[in-house]
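Trainee: Just one file: work.cif, with mmCIF, C-alpha atoms.
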```cif
data_data
#
loop_
_atom_site.label_atom_id
_atom_site.label_comp_id
_atom_site.auth_asym_id
_atom_site.auth_seq_id
_atom_site.Cartn_x
_atom_site.Cartn_y
_atom_site.Cartn_z
CA MET A 1 0.00 0.00 0.00
CA PHE A 2 1.67 3.17 1.20
CA GLU A 3 4.70 3.46 3.41
CA LEU A 4 5.07 5.65 6.46
CA GLY A 5 8.51 6.46 7.75
CA TRP A 6 9.45 7.76 11.19
CA LEU A 7 9.42 11.33 9.97
CA GLU A 8 5.84 11.08 8.66
CA ILE A 9 4.66 9.39 11.85
CA GLY A 10 6.33 12.13 13.94
CA ILE A 11 4.66 14.87 11.92
CA ILE A 12 1.24 13.22 12.29
CA GLY A 13 1.85 12.90 16.06
CA VAL A 14 2.77 16.57 16.44
CA ILE A 15 -0.28 17.67 14.42
CA ALA A 16 -2.53 15.39 16.52
CA LEU A 17 -1.05 16.80 19.74
CA VAL A 18 -1.68 20.37 18.58
CA VAL A 19 -5.21 19.68 17.31
CA LEU A 20 -6.47 17.36 20.10
CA GLY A 21 -4.42 18.56 23.02
CA PRO A 22 -2.70 16.48 25.65
CA GLU A 23 -5.96 15.53 27.44
CA ARG A 24 -7.74 13.90 24.50
CA LEU A 25 -4.71 12.54 22.59
CA PRO A 26 -4.34 9.22 24.55
CA LYS A 27 -8.04 8.43 24.14
CA ALA A 28 -7.90 9.24 20.39
CA ALA A 29 -4.76 7.10 20.00
CA ARG A 30 -6.50 4.13 21.68
CA PHE A 31 -9.54 4.61 19.47
CA ALA A 32 -7.38 4.81 16.32
CA GLY A 33 -5.44 1.72 17.43
CA LEU A 34 -8.70 -0.18 17.95
CA TRP A 35 -9.90 0.65 14.44
CA VAL A 36 -6.53 -0.21 12.92
CA ARG A 37 -6.60 -3.62 14.67
CA LYS A 38 -10.17 -4.25 13.47
CA ALA A 39 -9.24 -3.27 9.92
CA ARG A 40 -6.21 -5.56 9.96
CA ALA A 41 -8.21 -8.46 11.38
CA GLN A 42 -10.86 -7.97 8.69
CA TRP A 43 -8.21 -7.77 5.98
CA PHE A 44 -6.54 -10.99 7.16
CA ALA A 45 -9.92 -12.74 7.34
CA VAL A 46 -10.75 -11.73 3.78
CA LYS A 47 -7.27 -12.69 2.63
CA SER A 48 -7.43 -16.13 4.24
CA GLU A 49 -10.91 -16.74 2.82
CA MET A 50 -9.68 -15.86 -0.67
CA GLU A 51 -6.69 -18.19 -0.27
CA ARG A 52 -9.00 -21.03 0.83
CA GLU A 53 -11.28 -20.45 -2.14
CA LEU A 54 -8.34 -20.39 -4.54
CA ALA A 55 -7.02 -23.62 -3.03
CA ALA A 56 -10.46 -25.19 -3.40
CA GLU A 57 -10.63 -24.08 -7.04
CA GLU A 58 -7.18 -25.55 -7.69
CA MET A 59 -8.30 -28.81 -6.08
CA LYS A 60 -11.43 -28.88 -8.22
CA ALA A 61 -9.38 -28.27 -11.35
CA SER A 62 -6.92 -31.05 -10.51
CA LEU A 63 -9.79 -33.38 -9.63
CA GLN A 64 -11.46 -32.63 -12.96
CA ALA A 65 -8.18 -33.31 -14.78
CA GLU A 66 -7.85 -36.64 -12.97
CA ARG A 67 -11.44 -37.56 -13.87
CA GLU A 68 -10.71 -36.84 -17.52
CA ALA A 69 -7.56 -38.96 -17.36
CA ILE A 70 -9.53 -41.83 -15.81
CA ARG A 71 -12.25 -41.52 -18.48
CA ASP A 72 -9.61 -41.61 -21.21
CA ALA A 73 -7.99 -44.68 -19.64
CA VAL A 74 -11.36 -46.45 -19.33
CA LYS A 75 -12.20 -45.63 -22.93
CA GLN A 76 -8.84 -46.92 -24.08
CA LEU A 77 -9.32 -50.14 -22.08
CA ASP A 78 -12.82 -50.59 -23.55
CA ASP A 79 -11.47 -50.14 -27.06
CA GLU A 80 -8.70 -52.67 -26.44
CA ALA A 81 -11.19 -55.13 -24.91
CA ARG A 82 -13.43 -54.84 -27.98
CA GLU A 83 -10.45 -55.41 -30.28
CA LEU A 84 -9.42 -58.44 -28.22
CA GLN A 85 -12.93 -59.89 -28.29
CA SER A 86 -13.12 -59.34 -32.04
CA GLY A 87 -9.77 -61.09 -32.47
CA VAL A 88 -10.89 -64.01 -30.32
CA ARG A 89 -14.10 -64.37 -32.35
CA ASP A 90 -12.13 -64.33 -35.59
CA ILE A 91 -9.79 -67.03 -34.27
CA GLU A 92 -12.73 -69.14 -33.09
CA ARG A 93 -14.37 -68.86 -36.51
CA ASN A 94 -11.17 -69.83 -38.30
CA ASP A 95 -10.38 -72.75 -35.98
CA ALA A 96 -13.92 -74.20 -35.89
CA PRO A 97 -14.27 -77.38 -38.00
CA PRO A 98 -16.48 -76.97 -41.02
CA ALA A 99 -20.02 -78.16 -40.52
CA THR A 100 -20.86 -81.26 -42.61
CA ASP A 101 -24.12 -83.09 -43.10
CA GLU A 102 -22.93 -86.01 -40.97
CA ALA A 103 -21.80 -83.74 -38.18
CA ALA A 104 -25.08 -81.82 -38.34
CA GLY A 105 -27.07 -85.07 -38.22
CA ALA A 106 -25.04 -86.42 -35.33
CA ALA A 107 -25.57 -83.24 -33.44
CA ALA A 108 -29.33 -83.38 -34.05
CA ASP A 109 -29.66 -87.10 -33.09
CA PRO A 110 -27.70 -87.83 -29.91
CA LYS A 111 -28.46 -91.64 -30.05
CA PRO A 112 -25.67 -93.77 -31.41
CA PRO A 113 -26.60 -96.15 -34.27
CA ALA A 114 -27.65 -99.65 -33.23
CA PRO A 115 -25.19 -102.50 -34.09
#
```
Written as structure tokens, that's how I'd like the structure from this file.

Mentor:
Amino acid sequence: MFELGWLEIGIIGVIALVVLGPERLPKAARFAGLWVRKARAQWFAVKSEMERELAAEEMKASLQAEREAIRDAVKQLDDEARELQSGVRDIERNDAPPATDEAAGAAADPKPPAP
């Protein structure tokens, strides 16, 4: 904000002594000190609240980024699982023996022929 050196503080003190007088100056100084303390406390409360809100926003942003990463990983795993299932089906189709009339008849009639 603004800076006050010893010289400025001394000048303000001398002016206050002249304007208020020695009887009212201690009471005015206590009153000014009270308001300065209240203002500082309020400023620190607002500052800490803002810091907490910023930290919460950063947490939300990182959580959202992690959710997106998890969604991407799940999607990638789903795609790979589909490809694997498709590959397994293709292999099963290629390795399956061709269906013949005898095999189809045997499958339809589970009784063995009589000797």

Trainee: Between atom CA of Trp6 of chain A and atom CA of Gly21 of chain A, measure the distance and give it in Å to one decimal.

Mentor: 21.2 Å

Trainee: What does the distance between atom CA of Gly13 of chain A and atom CA of Ala29 of chain A come to in Å, to one decimal place?

Mentor: 9.6 Å

Trainee: Show me the residues around (-3.8, 14.4, 21.8) - criterion: an atom at most 12 Å away, all atoms listed in the file counted - as a compact mmCIF listing (two decimals) with C-alpha atoms, keeping the file's coordinate frame.

Mentor:
```txt
# COMPACT_ATOMS: atom_id res chain seq x y z
CA ILE A 12 1.24 13.22 12.29
CA GLY A 13 1.85 12.90 16.06
CA VAL A 14 2.77 16.57 16.44
CA ILE A 15 -0.28 17.67 14.42
CA ALA A 16 -2.53 15.39 16.52
CA LEU A 17 -1.05 16.80 19.74
CA VAL A 18 -1.68 20.37 18.58
CA VAL A 19 -5.21 19.68 17.31
CA LEU A 20 -6.47 17.36 20.10
CA GLY A 21 -4.42 18.56 23.02
CA PRO A 22 -2.70 16.48 25.65
CA GLU A 23 -5.96 15.53 27.44
CA ARG A 24 -7.74 13.90 24.50
CA LEU A 25 -4.71 12.54 22.59
CA PRO A 26 -4.34 9.22 24.55
CA LYS A 27 -8.04 8.43 24.14
CA ALA A 28 -7.90 9.24 20.39
CA ALA A 29 -4.76 7.10 20.00
CA ARG A 30 -6.50 4.13 21.68
CA PHE A 31 -9.54 4.61 19.47
CA ALA A 32 -7.38 4.81 16.32
```

Trainee: Given 6 Å of margin on each side, can you work out the centre and size in Å (one decimal) of an axis-aligned box holding every listed atom of segment 74-87 of chain A, as lines of an AutoDock Vina configuration file?

Mentor:
```
center_x = -11.1
center_y = -53.4
center_z = -25.9
size_x = 16.7
size_y = 27.5
size_z = 25.1
```

Trainee: Have a look at atom CA of Glu3 of chain A and atom CA of Arg37 of chain A and let me know their distance in Å, one decimal.

Mentor: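 Result for atom CA of Glu3 of chain A versus atom CA of Arg37 of chain A: 17.5 Å, one decimal.
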